[in-house]
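S.K.: One file is attached below, structure05.cif, containing mmCIF, C-alpha atoms.
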data_model
loop_
_atom_site.label_atom_id
_atom_site.label_comp_id
_atom_site.auth_asym_id
_atom_site.auth_seq_id
_atom_site.Cartn_x
_atom_site.Cartn_y
_atom_site.Cartn_z
CA MET A 71 66.90 -46.28 63.40
CA SER A 72 63.29 -45.34 64.02
CA THR A 73 60.03 -46.45 62.41
CA LEU A 74 56.57 -45.11 63.18
CA PHE A 75 53.52 -47.16 62.23
CA THR A 76 50.46 -44.90 62.27
CA ASN A 77 46.79 -45.94 62.40
CA ALA A 78 47.68 -49.61 62.76
CA THR A 79 44.90 -52.02 63.68
CA LEU A 80 46.10 -54.61 66.20
CA ALA A 81 44.79 -58.15 66.48
CA ASP A 82 42.30 -57.14 69.17
CA GLY A 83 40.84 -54.40 66.96
CA ARG A 84 42.43 -51.42 68.68
CA VAL A 85 43.85 -48.77 66.32
CA ARG A 86 47.23 -47.58 67.53
CA ASP A 87 50.43 -45.77 66.64
CA VAL A 88 53.45 -48.01 67.19
CA LEU A 89 56.92 -46.54 67.46
CA VAL A 90 59.97 -48.71 66.90
CA GLU A 91 63.32 -47.42 68.08
CA GLY A 92 66.29 -49.59 67.29
CA GLU A 93 65.30 -53.21 67.85
CA THR A 94 62.49 -52.56 70.35
CA ILE A 95 58.91 -51.36 70.40
CA ALA A 96 59.27 -48.06 72.26
CA ARG A 97 55.68 -46.76 72.32
CA VAL A 98 52.15 -48.04 71.65
CA THR A 99 49.64 -45.19 71.88
CA GLU A 100 46.26 -44.01 70.69
CA ALA A 101 46.28 -43.39 66.94
CA GLY A 102 47.31 -39.87 65.95
CA THR A 103 49.20 -39.10 69.16
CA LEU A 104 52.79 -39.74 68.07
CA ALA A 105 54.83 -37.39 65.92
CA PRO A 106 57.74 -38.87 63.95
CA ALA A 107 61.27 -37.96 64.91
CA ASP A 108 63.52 -36.45 62.30
CA GLY A 109 64.57 -39.08 59.81
CA ALA A 110 62.05 -41.66 60.99
CA ASP A 111 60.42 -44.00 58.51
CA VAL A 112 56.67 -43.39 58.70
CA ILE A 113 54.30 -46.14 57.54
CA ASP A 114 50.60 -45.34 57.31
CA CYS A 115 48.71 -48.52 58.21
CA ASP A 116 45.19 -47.21 57.62
CA GLU A 117 42.84 -50.25 57.36
CA LYS A 118 45.80 -52.61 57.67
CA TYR A 119 46.76 -54.84 60.58
CA LEU A 120 50.02 -54.87 62.51
CA LEU A 121 50.62 -58.26 64.10
CA PRO A 122 53.41 -59.76 66.20
CA GLY A 123 55.81 -61.85 64.16
CA ALA A 124 55.00 -65.54 64.18
CA ILE A 125 57.13 -68.06 66.08
CA ASP A 126 57.37 -71.36 64.22
CA ALA A 127 58.37 -73.74 67.00
CA HIS A 128 59.02 -76.66 64.65
CA VAL A 129 61.15 -76.42 61.49
CA HIS A 130 63.74 -78.59 59.78
CA PHE A 131 66.13 -76.27 57.94
CA ARG A 132 68.24 -79.31 57.00
CA GLU A 133 71.70 -77.92 57.79
CA PRO A 134 74.09 -79.54 58.40
CA GLY A 135 73.97 -82.56 56.14
CA PHE A 136 71.07 -81.97 53.75
CA ALA A 137 71.59 -78.50 52.31
CA HIS A 138 70.37 -79.63 48.89
CA LYS A 139 66.86 -79.62 50.42
CA GLU A 140 67.09 -76.38 52.43
CA ASP A 141 69.62 -74.24 54.26
CA TRP A 142 69.47 -71.47 56.84
CA HIS A 143 69.52 -68.74 54.19
CA THR A 144 66.71 -70.10 52.02
CA GLY A 145 64.66 -71.37 54.94
CA SER A 146 64.81 -68.04 56.74
CA ARG A 147 63.90 -66.11 53.57
CA SER A 148 60.85 -68.34 53.28
CA ALA A 149 60.02 -67.69 56.93
CA ALA A 150 60.33 -63.92 56.59
CA ALA A 151 58.14 -63.87 53.46
CA GLY A 152 55.49 -65.72 55.46
CA GLY A 153 55.55 -63.44 58.49
CA VAL A 154 57.58 -65.81 60.68
CA THR A 155 60.22 -63.94 62.68
CA THR A 156 61.50 -66.77 64.90
CA VAL A 157 62.07 -70.42 63.96
CA VAL A 158 63.05 -73.41 66.10
CA ASP A 159 65.20 -76.00 64.35
CA GLN A 160 64.92 -79.69 65.16
CA PRO A 161 67.83 -82.09 65.76
CA ASN A 162 67.55 -84.69 62.97
CA THR A 163 70.35 -83.29 60.84
CA ASP A 164 73.70 -84.90 59.98
CA PRO A 165 75.30 -84.97 62.44
CA PRO A 166 72.24 -85.04 64.71
CA THR A 167 72.15 -82.25 67.28
CA VAL A 168 72.81 -84.51 70.26
CA THR A 169 76.09 -83.07 71.56
CA GLY A 170 77.35 -79.66 72.51
CA ALA A 171 79.69 -79.64 69.52
CA ALA A 172 76.77 -80.33 67.17
CA VAL A 173 74.84 -77.42 68.67
CA ASP A 174 77.85 -75.18 68.08
CA GLU A 175 78.12 -76.31 64.46
CA LYS A 176 74.45 -75.61 63.82
CA ALA A 177 74.65 -72.21 65.52
CA ASP A 178 77.52 -71.25 63.19
CA LEU A 179 75.42 -72.21 60.16
CA ALA A 180 72.44 -70.27 61.53
CA ALA A 181 74.46 -67.07 61.25
CA LYS A 182 73.01 -66.93 57.71
CA SER A 183 69.46 -66.56 59.06
CA LEU A 184 67.34 -63.52 58.32
CA VAL A 185 65.11 -64.34 61.31
CA ASP A 186 65.75 -65.15 64.95
CA PHE A 187 66.06 -68.79 65.90
CA GLY A 188 66.25 -71.44 68.58
CA ILE A 189 68.12 -74.74 68.42
CA ASN A 190 66.67 -77.90 69.94
CA GLY A 191 68.82 -80.69 71.30
CA GLY A 192 68.04 -84.28 70.40
CA VAL A 193 68.24 -87.70 71.99
CA THR A 194 69.84 -90.83 70.56
CA ALA A 195 71.74 -93.71 72.12
CA ASP A 196 74.90 -91.66 71.47
CA TRP A 197 73.72 -88.38 72.95
CA ASP A 198 75.90 -86.43 75.39
CA PRO A 199 73.50 -84.71 77.78
CA ASP A 200 76.23 -83.05 79.83
CA SER A 201 77.66 -81.09 76.90
CA LEU A 202 74.23 -80.63 75.32
CA PHE A 203 72.73 -78.90 78.35
CA GLU A 204 75.76 -76.64 78.64
CA ARG A 205 74.54 -74.98 75.44
CA PRO A 206 71.63 -72.51 75.15
CA LEU A 207 68.99 -75.02 74.03
CA PHE A 208 65.54 -73.85 73.08
CA ALA A 209 64.03 -77.20 74.12
CA LEU A 210 64.84 -80.90 74.13
CA GLY A 211 63.39 -82.59 71.08
CA GLU A 212 61.73 -83.39 69.02
CA VAL A 213 62.35 -86.66 70.84
CA PHE A 214 61.21 -89.44 68.52
CA LEU A 215 59.18 -92.33 69.93
CA ALA A 216 59.15 -93.89 66.45
CA ASP A 217 61.56 -93.54 63.55
CA SER A 218 61.00 -90.68 61.15
CA THR A 219 63.36 -88.74 58.90
CA GLY A 220 66.80 -89.21 60.43
CA ASP A 221 66.09 -92.56 62.14
CA MET A 222 66.18 -91.09 65.64
CA GLY A 223 63.51 -93.26 67.28
CA ILE A 224 64.54 -94.28 70.80
CA GLU A 225 63.66 -96.98 73.34
CA ALA A 226 61.38 -96.45 76.34
CA ASP A 227 64.13 -96.49 78.99
CA LEU A 228 66.19 -93.88 77.17
CA PHE A 229 63.12 -91.70 76.72
CA ALA A 230 62.39 -91.83 80.45
CA ASP A 231 66.01 -90.97 81.28
CA ALA A 232 66.01 -88.06 78.84
CA VAL A 233 62.75 -86.66 80.19
CA ALA A 234 64.05 -86.89 83.75
CA ARG A 235 67.24 -85.07 82.81
CA ALA A 236 65.31 -82.33 80.99
CA ALA A 237 63.15 -81.86 84.10
CA THR A 238 66.23 -81.22 86.22
CA GLU A 239 67.38 -78.67 83.62
CA ASP A 240 63.93 -76.98 83.55
CA THR A 241 63.75 -77.62 79.80
CA VAL A 242 60.58 -78.37 77.83
CA VAL A 243 60.54 -81.76 76.08
CA THR A 244 59.00 -81.77 72.61
CA VAL A 245 57.81 -85.27 71.68
CA HIS A 246 57.13 -86.92 68.33
CA ALA A 247 54.49 -89.33 69.58
CA GLU A 248 53.87 -92.48 67.55
CA ASP A 249 53.99 -96.06 68.83
CA ALA A 250 55.51 -98.28 66.12
CA ASP A 251 54.09 -101.39 67.82
CA LEU A 252 50.64 -100.18 66.77
CA PHE A 253 51.46 -99.57 63.12
CA ASP A 254 49.30 -101.71 60.81
CA GLN A 255 51.79 -104.05 59.18
CA SER A 256 49.15 -105.38 56.78
CA ALA A 257 49.14 -101.99 55.05
CA THR A 258 52.71 -102.62 53.87
CA GLU A 259 51.31 -105.16 51.43
CA ARG A 260 49.57 -102.37 49.50
CA ALA A 261 51.11 -101.23 46.21
CA GLY A 262 53.79 -98.56 46.10
CA ASP A 263 51.58 -96.27 44.00
CA ASP A 264 48.87 -96.33 46.70
CA ALA A 265 49.83 -93.18 48.59
CA ASP A 266 47.01 -93.63 51.12
CA ALA A 267 48.79 -96.76 52.38
CA TRP A 268 51.02 -94.52 54.52
CA SER A 269 48.02 -93.22 56.47
CA ALA A 270 46.72 -96.76 56.85
CA TYR A 271 50.12 -97.93 58.09
CA ARG A 272 50.90 -95.27 60.73
CA THR A 273 47.57 -95.45 62.49
CA ALA A 274 45.75 -92.83 64.52
CA GLU A 275 45.74 -95.30 67.42
CA ALA A 276 49.54 -95.36 67.32
CA GLU A 277 49.64 -91.61 67.94
CA ALA A 278 47.05 -91.62 70.71
CA ALA A 279 48.81 -94.41 72.61
CA ALA A 280 52.22 -92.73 72.32
CA VAL A 281 50.82 -89.41 73.54
CA GLU A 282 49.44 -91.15 76.64
CA ARG A 283 52.78 -92.86 77.28
CA ALA A 284 54.75 -89.62 76.87
CA LEU A 285 52.42 -87.85 79.28
CA ASP A 286 52.78 -90.63 81.87
CA VAL A 287 56.58 -90.47 81.65
CA GLY A 288 56.48 -86.70 81.94
CA ALA A 289 54.28 -86.91 85.02
CA ASP A 290 56.73 -89.32 86.67
CA SER A 291 59.49 -86.71 86.39
CA ASP A 292 57.30 -83.61 86.73
CA ALA A 293 58.58 -82.57 83.29
CA ASP A 294 57.04 -80.08 80.88
CA ILE A 295 55.86 -82.12 77.87
CA HIS A 296 54.94 -80.56 74.55
CA ILE A 297 53.39 -82.88 71.94
CA ALA A 298 54.58 -82.07 68.43
CA HIS A 299 52.40 -82.12 65.28
CA THR A 300 49.33 -83.68 66.93
CA SER A 301 47.21 -85.10 64.12
CA THR A 302 44.26 -86.60 66.01
CA PRO A 303 41.57 -85.20 68.29
CA GLU A 304 42.37 -88.04 70.69
CA GLY A 305 45.97 -86.85 70.98
CA VAL A 306 44.93 -83.23 71.44
CA ASP A 307 42.44 -84.14 74.16
CA ALA A 308 44.93 -86.34 76.00
CA ALA A 309 47.48 -83.54 76.12
CA SER A 310 44.91 -80.99 77.21
CA ASP A 311 43.46 -83.24 79.91
CA ALA A 312 46.95 -83.85 81.34
CA GLY A 313 47.83 -80.16 81.42
CA ALA A 314 50.49 -80.58 78.74
CA THR A 315 50.76 -78.48 75.59
CA CYS A 316 50.46 -79.50 71.97
CA GLU A 317 50.85 -78.18 68.48
CA VAL A 318 48.99 -78.83 65.22
CA THR A 319 50.49 -78.35 61.77
CA PRO A 320 48.84 -76.55 58.86
CA HIS A 321 48.85 -79.79 56.84
CA HIS A 322 46.92 -81.66 59.52
CA LEU A 323 44.64 -78.64 59.88
CA PHE A 324 43.83 -78.15 56.19
CA LEU A 325 44.52 -81.51 54.49
CA SER A 326 43.14 -85.01 54.98
CA ARG A 327 43.20 -88.44 53.37
CA GLU A 328 40.70 -87.06 50.87
CA ASP A 329 43.55 -84.97 49.40
CA ILE A 330 45.98 -87.87 48.96
CA GLY A 331 44.68 -88.75 45.51
CA GLU A 332 45.83 -85.34 44.28
CA LEU A 333 48.99 -85.09 46.40
CA GLY A 334 50.32 -88.61 45.97
CA THR A 335 53.59 -89.14 47.83
CA PHE A 336 53.97 -85.36 48.14
CA GLY A 337 51.39 -85.81 50.91
CA ARG A 338 53.46 -88.35 52.85
CA MET A 339 54.49 -87.08 56.29
CA ASN A 340 54.80 -88.31 59.88
CA PRO A 341 52.28 -88.46 61.45
CA PRO A 342 50.35 -89.01 58.22
CA LEU A 343 47.20 -87.33 57.00
CA ARG A 344 44.06 -88.47 58.81
CA SER A 345 40.41 -88.86 57.86
CA GLU A 346 38.35 -85.80 57.01
CA GLU A 347 36.32 -86.43 60.17
CA ARG A 348 39.44 -86.30 62.34
CA ARG A 349 40.73 -83.23 60.46
CA ASN A 350 37.50 -81.39 61.19
CA ALA A 351 37.69 -82.38 64.85
CA VAL A 352 41.25 -81.10 65.09
CA PHE A 353 40.24 -77.82 63.43
CA GLU A 354 37.48 -77.40 66.01
CA ARG A 355 40.05 -77.79 68.79
CA VAL A 356 42.30 -75.23 67.17
CA ALA A 357 39.42 -72.77 66.95
CA ASP A 358 38.09 -73.30 70.48
CA GLY A 359 41.42 -72.93 72.30
CA THR A 360 42.15 -76.57 73.15
CA VAL A 361 45.20 -76.62 70.87
CA ASP A 362 48.00 -74.41 72.15
CA ILE A 363 49.97 -73.54 69.02
CA VAL A 364 50.22 -74.05 65.29
CA ALA A 365 53.71 -74.93 64.05
CA THR A 366 54.66 -76.18 60.62
CA ASP A 367 57.05 -79.13 60.91
CA HIS A 368 58.56 -77.48 57.81
CA ALA A 369 60.33 -80.46 56.27
CA PRO A 370 61.36 -79.82 52.67
CA HIS A 371 62.53 -82.52 50.28
CA THR A 372 63.28 -82.19 46.58
CA ARG A 373 60.68 -83.06 43.97
CA ALA A 374 62.85 -85.94 42.77
CA GLU A 375 63.01 -87.40 46.27
CA LYS A 376 59.26 -87.17 46.80
CA ASP A 377 58.41 -88.58 43.39
CA ALA A 378 58.90 -92.18 44.45
CA SER A 379 57.02 -95.20 45.79
CA VAL A 380 55.04 -94.53 48.95
CA TRP A 381 57.40 -96.97 50.70
CA GLU A 382 60.51 -95.14 49.49
CA ALA A 383 59.58 -91.45 49.42
CA PRO A 384 60.80 -89.39 52.40
CA SER A 385 58.26 -88.00 54.85
CA GLY A 386 57.70 -84.29 55.19
CA VAL A 387 56.29 -81.18 53.52
CA PRO A 388 57.34 -77.51 53.48
CA GLY A 389 55.17 -75.00 55.32
CA VAL A 390 57.00 -72.16 57.06
CA GLU A 391 56.04 -69.58 54.41
CA THR A 392 52.37 -70.55 54.15
CA MET A 393 51.37 -71.10 57.81
CA LEU A 394 50.39 -67.54 58.72
CA PRO A 395 48.92 -66.71 55.27
CA LEU A 396 46.63 -69.75 55.43
CA LEU A 397 45.50 -68.93 58.96
CA LEU A 398 44.86 -65.30 57.99
CA GLN A 399 42.69 -66.51 55.12
CA GLU A 400 40.64 -68.45 57.67
CA VAL A 401 40.22 -65.19 59.59
CA ARG A 402 39.16 -63.45 56.39
CA GLU A 403 36.55 -66.15 55.78
CA GLY A 404 35.29 -66.02 59.38
CA ALA A 405 36.43 -69.50 60.44
CA LEU A 406 39.01 -68.26 62.96
CA ASP A 407 39.30 -65.20 65.17
CA LEU A 408 42.35 -62.97 64.60
CA GLU A 409 43.19 -62.85 68.30
CA ARG A 410 43.11 -66.64 68.31
CA VAL A 411 45.56 -66.76 65.40
CA ARG A 412 47.82 -64.27 67.18
CA ASP A 413 47.85 -66.53 70.22
CA LEU A 414 48.40 -69.72 68.23
CA VAL A 415 51.46 -68.49 66.36
CA ALA A 416 52.92 -65.78 68.58
CA ALA A 417 51.74 -65.26 72.17
CA ASN A 418 51.37 -68.92 73.15
CA PRO A 419 54.68 -70.24 71.79
CA ALA A 420 56.45 -67.32 73.45
CA ALA A 421 54.82 -68.22 76.78
CA ILE A 422 55.23 -72.02 76.52
CA PHE A 423 58.91 -71.81 75.66
CA ASP A 424 59.68 -68.77 77.83
CA VAL A 425 60.68 -66.19 75.23
CA PRO A 426 59.36 -63.06 76.95
CA GLY A 427 60.54 -60.54 74.35
CA LYS A 428 58.56 -62.17 71.56
CA GLY A 429 54.96 -62.71 70.53
CA ARG A 430 53.33 -59.38 71.35
CA VAL A 431 52.92 -55.82 70.13
CA ALA A 432 53.75 -54.06 73.37
CA GLU A 433 56.17 -51.51 74.73
CA GLY A 434 59.52 -53.10 75.54
CA ALA A 435 59.01 -56.14 73.31
CA ASP A 436 61.23 -57.01 70.39
CA ALA A 437 60.10 -55.20 67.25
CA ASP A 438 59.07 -58.40 65.45
CA LEU A 439 56.18 -57.08 63.39
CA VAL A 440 54.11 -58.13 60.39
CA LEU A 441 51.98 -55.75 58.31
CA VAL A 442 48.93 -57.35 56.70
CA ASP A 443 46.25 -56.14 54.30
CA PHE A 444 43.23 -58.45 54.41
CA ASP A 445 41.98 -56.97 51.14
CA SER A 446 45.04 -58.35 49.36
CA THR A 447 45.06 -62.09 48.71
CA ARG A 448 46.76 -64.37 46.21
CA GLU A 449 46.94 -68.02 45.33
CA ILE A 450 49.77 -70.07 46.80
CA ARG A 451 52.15 -71.23 44.10
CA GLY A 452 55.21 -73.33 44.82
CA ALA A 453 57.13 -71.46 42.13
CA ASP A 454 56.55 -68.18 43.98
CA LEU A 455 57.72 -69.43 47.38
CA HIS A 456 61.27 -69.14 48.66
CA SER A 457 62.08 -72.55 50.10
CA LYS A 458 64.79 -74.34 48.16
CA CYS A 459 62.45 -77.28 47.48
CA GLY A 460 60.15 -75.19 45.23
CA TRP A 461 56.83 -76.95 45.91
CA THR A 462 53.96 -76.87 48.38
CA PRO A 463 51.08 -79.18 49.35
CA PHE A 464 48.83 -76.10 49.34
CA GLU A 465 49.16 -75.29 45.64
CA GLY A 466 46.30 -73.08 44.43
CA ARG A 467 44.84 -72.21 47.83
CA GLU A 468 43.98 -68.59 48.54
CA ALA A 469 46.01 -66.89 51.27
CA VAL A 470 46.82 -63.52 52.85
CA PHE A 471 50.56 -62.87 52.66
CA PRO A 472 52.42 -60.14 54.59
CA GLU A 473 53.37 -56.85 53.02
CA LEU A 474 56.22 -56.23 55.44
CA THR A 475 58.10 -58.26 58.05
CA LEU A 476 60.42 -56.76 60.67
CA VAL A 477 62.81 -58.78 62.82
CA ARG A 478 63.88 -56.76 65.85
CA GLY A 479 63.24 -53.58 63.88
CA HIS A 480 65.19 -54.70 60.83
CA VAL A 481 63.33 -55.12 57.55
CA ALA A 482 63.48 -58.83 56.78
CA TYR A 483 60.94 -58.83 53.95
CA ASP A 484 59.24 -56.03 52.01
CA ALA A 485 56.64 -56.71 49.31
CA ARG A 486 55.32 -53.16 49.06
CA ALA A 487 57.41 -52.25 46.02
CA ASP A 488 57.08 -53.82 42.59
CA ASP A 489 60.03 -56.09 43.35
CA GLU A 490 60.01 -57.82 46.74
CA ALA A 491 63.11 -57.25 48.84
CA PHE A 492 64.82 -59.15 51.62
CA GLY A 493 66.93 -57.82 54.45
CA ASP A 494 70.27 -58.89 55.83
CA ALA A 495 71.11 -61.91 57.96
CA VAL A 496 70.38 -60.37 61.36
CA GLY A 497 68.98 -63.46 63.05
CA GLU A 498 70.08 -64.19 66.61
CA ASN A 499 69.66 -67.13 68.96
CA VAL A 500 66.71 -66.27 71.21
CA ARG A 501 68.50 -67.98 74.09
CA ARG A 502 71.41 -65.53 73.73
#
Could the structure of this file be written out as structure tokens, please?
M.R.:
Amino acid sequence: MSTLFTNATLADGRVRDVLVEGETIARVTEAGTLAPADGADVIDCDEKYLLPGAIDAHVHFREPGFAHKEDWHTGSRSAAAGGVTTVVDQPNTDPPTVTGAAVDEKADLAAKSLVDFGINGGVTADWDPDSLFERPLFALGEVFLADSTGDMGIEADLFADAVARAATEDTVVTVHAEDADLFDQSATERAGDDADAWSAYRTAEAEAAAVERALDVGADSDADIHIAHTSTPEGVDAASDAGATCEVTPHHLFLSREDIGELGTFGRMNPPLRSEERRNAVFERVADGTVDIVATDHAPHTRAEKDASVWEAPSGVPGVETMLPLLLQEVREGALDLERVRDLVAANPAAIFDVPGKGRVAEGADADLVLVDFDSTREIRGADLHSKCGWTPFEGREAVFPELTLVRGHVAYDARADDEAFGDAVGENVRR
């Protein structure tokens, strides 16, 4: 199996021929210097960009336990259609991924995946670290410092013990940082149809304080701390100042409390949407390199579940299919640099989580590739996306979607024909 991409523009602007043999990038040379082998698939990329597949380090594909919201087949189709070639699933499933047996069960379900994957181990009072760390974990976490979907919030002593154990195992700890003691209880008196009450309740101060505490605990054990879905500039700066890493989601990057009137409870997530001022400050830190990665916290729920009181609706929004297209639109409009986007969604997550075969268009790397035409844009429509939930908080926004996605040389998604096509379930655990 051989594919030759000719005249492909890379993220840094170089125009190259890229030869894929089997599952690996075999050659990257000056454009026009490679001749196709007999039977090779030749793709002319003139004026199109060939990017490394994105790594979404934070998804909730909901299996086992909640397959009516999403499953590994539908979630991975959505990922492939959005140019994501590796996903990392979080532990708040049913059962939670807190034992070796639970990791095994989730790995069996992930055999349906069209894209490569990692599986994170979680921490609860009932976790079994000995069996958990016998498995090929991608990371520990997200470890919840306050309850979210799945009710996995833990106490301070258990958090410290878990971080210390992860340090001995040389495993990154991904932290959901919110301090419930700093939630504004007075906000709970607001009416159930006041969707902004959720942002008022789970305060920005609660995140900033929890980030500081997580960083202090990590320093005590010399652990590698990664702060998940950082929604405030204060949280980003704290992580950066401490030498830790952090991620920002597309919804915290592109949405704010000003959008809640339109979104209603479909805009409820943890951490919640922040002020427009804080959103702008977070965007600046994404653009200038302070933020390490963008990851989606893809957390689908059904329309019926979300269409409820703000105090009853579940938290979370889908995003794995729209992350890269939204970021590419920002490149198209001049707000972000393409090399910066490449680093945010590919090179940096591969480096932070030690996945050396991913995140780059280079000889010897996995052939995880995304072909993009910046002259081709379309509006995001929930009905056109492939997540089982069928909706998006980004309805109507313009975006640049991939034409073609390869996972280790296998076609995972192809939109070049009149009818889009998906590949087979070839996904593998990146810790294999």
S.K.: Give as a compact mmCIF listing (two decimals) with C-alpha atoms, keeping the file's coordinate frame every residue, naming chains and numbers as the document does, that has an atom within 8 Å of (45.9, -74.5, 72.8), counting all atoms listed in the file.
M.R.:
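And here is the file that came out, point15.txt:
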# COMPACT_ATOMS: atom_id res chain seq x y z
CA SER A 310 44.91 -80.99 77.21
CA THR A 315 50.76 -78.48 75.59
CA CYS A 316 50.46 -79.50 71.97
CA GLU A 317 50.85 -78.18 68.48
CA ARG A 355 40.05 -77.79 68.79
CA VAL A 356 42.30 -75.23 67.17
CA GLY A 359 41.42 -72.93 72.30
CA THR A 360 42.15 -76.57 73.15
CA VAL A 361 45.20 -76.62 70.87
CA ASP A 362 48.00 -74.41 72.15
CA ILE A 363 49.97 -73.54 69.02
CA LEU A 414 48.40 -69.72 68.23
CA ASN A 418 51.37 -68.92 73.15
S.K.: Could you work out how far atom CA of Ala495 of chain A lies from atom CA of Ser183 of chain A, giving the answer in Å with one decimal?
M.R.: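 According to the coordinates, atom CA of Ser183 of chain A and atom CA of Ala495 of chain A are separated by 5.1 Å.
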S.K.: Of the candidates A:Leu441, A:Leu343, A:Val380, A:Ile450, which one gets nearest to Asp114 of chain A if we count only C-alpha atoms?
M.R.: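 The answer is A:Leu441, which sits nearest to Asp114 of chain A.
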S.K.: Given only C-alpha atoms as the basis, pick out the residue of A:Leu252, A:Ala81, A:Ala270, A:Met339 nearest to Pro384 of chain A.
M.R.: A:Met339
S.K.: Contacts of Val481 of chain A at 9 Å or less, counting all atoms listed in the file, minus same-chain residues fewer than 5 places along, as a ChimeraX atom specification?
M.R.: /A:474-476,491-494
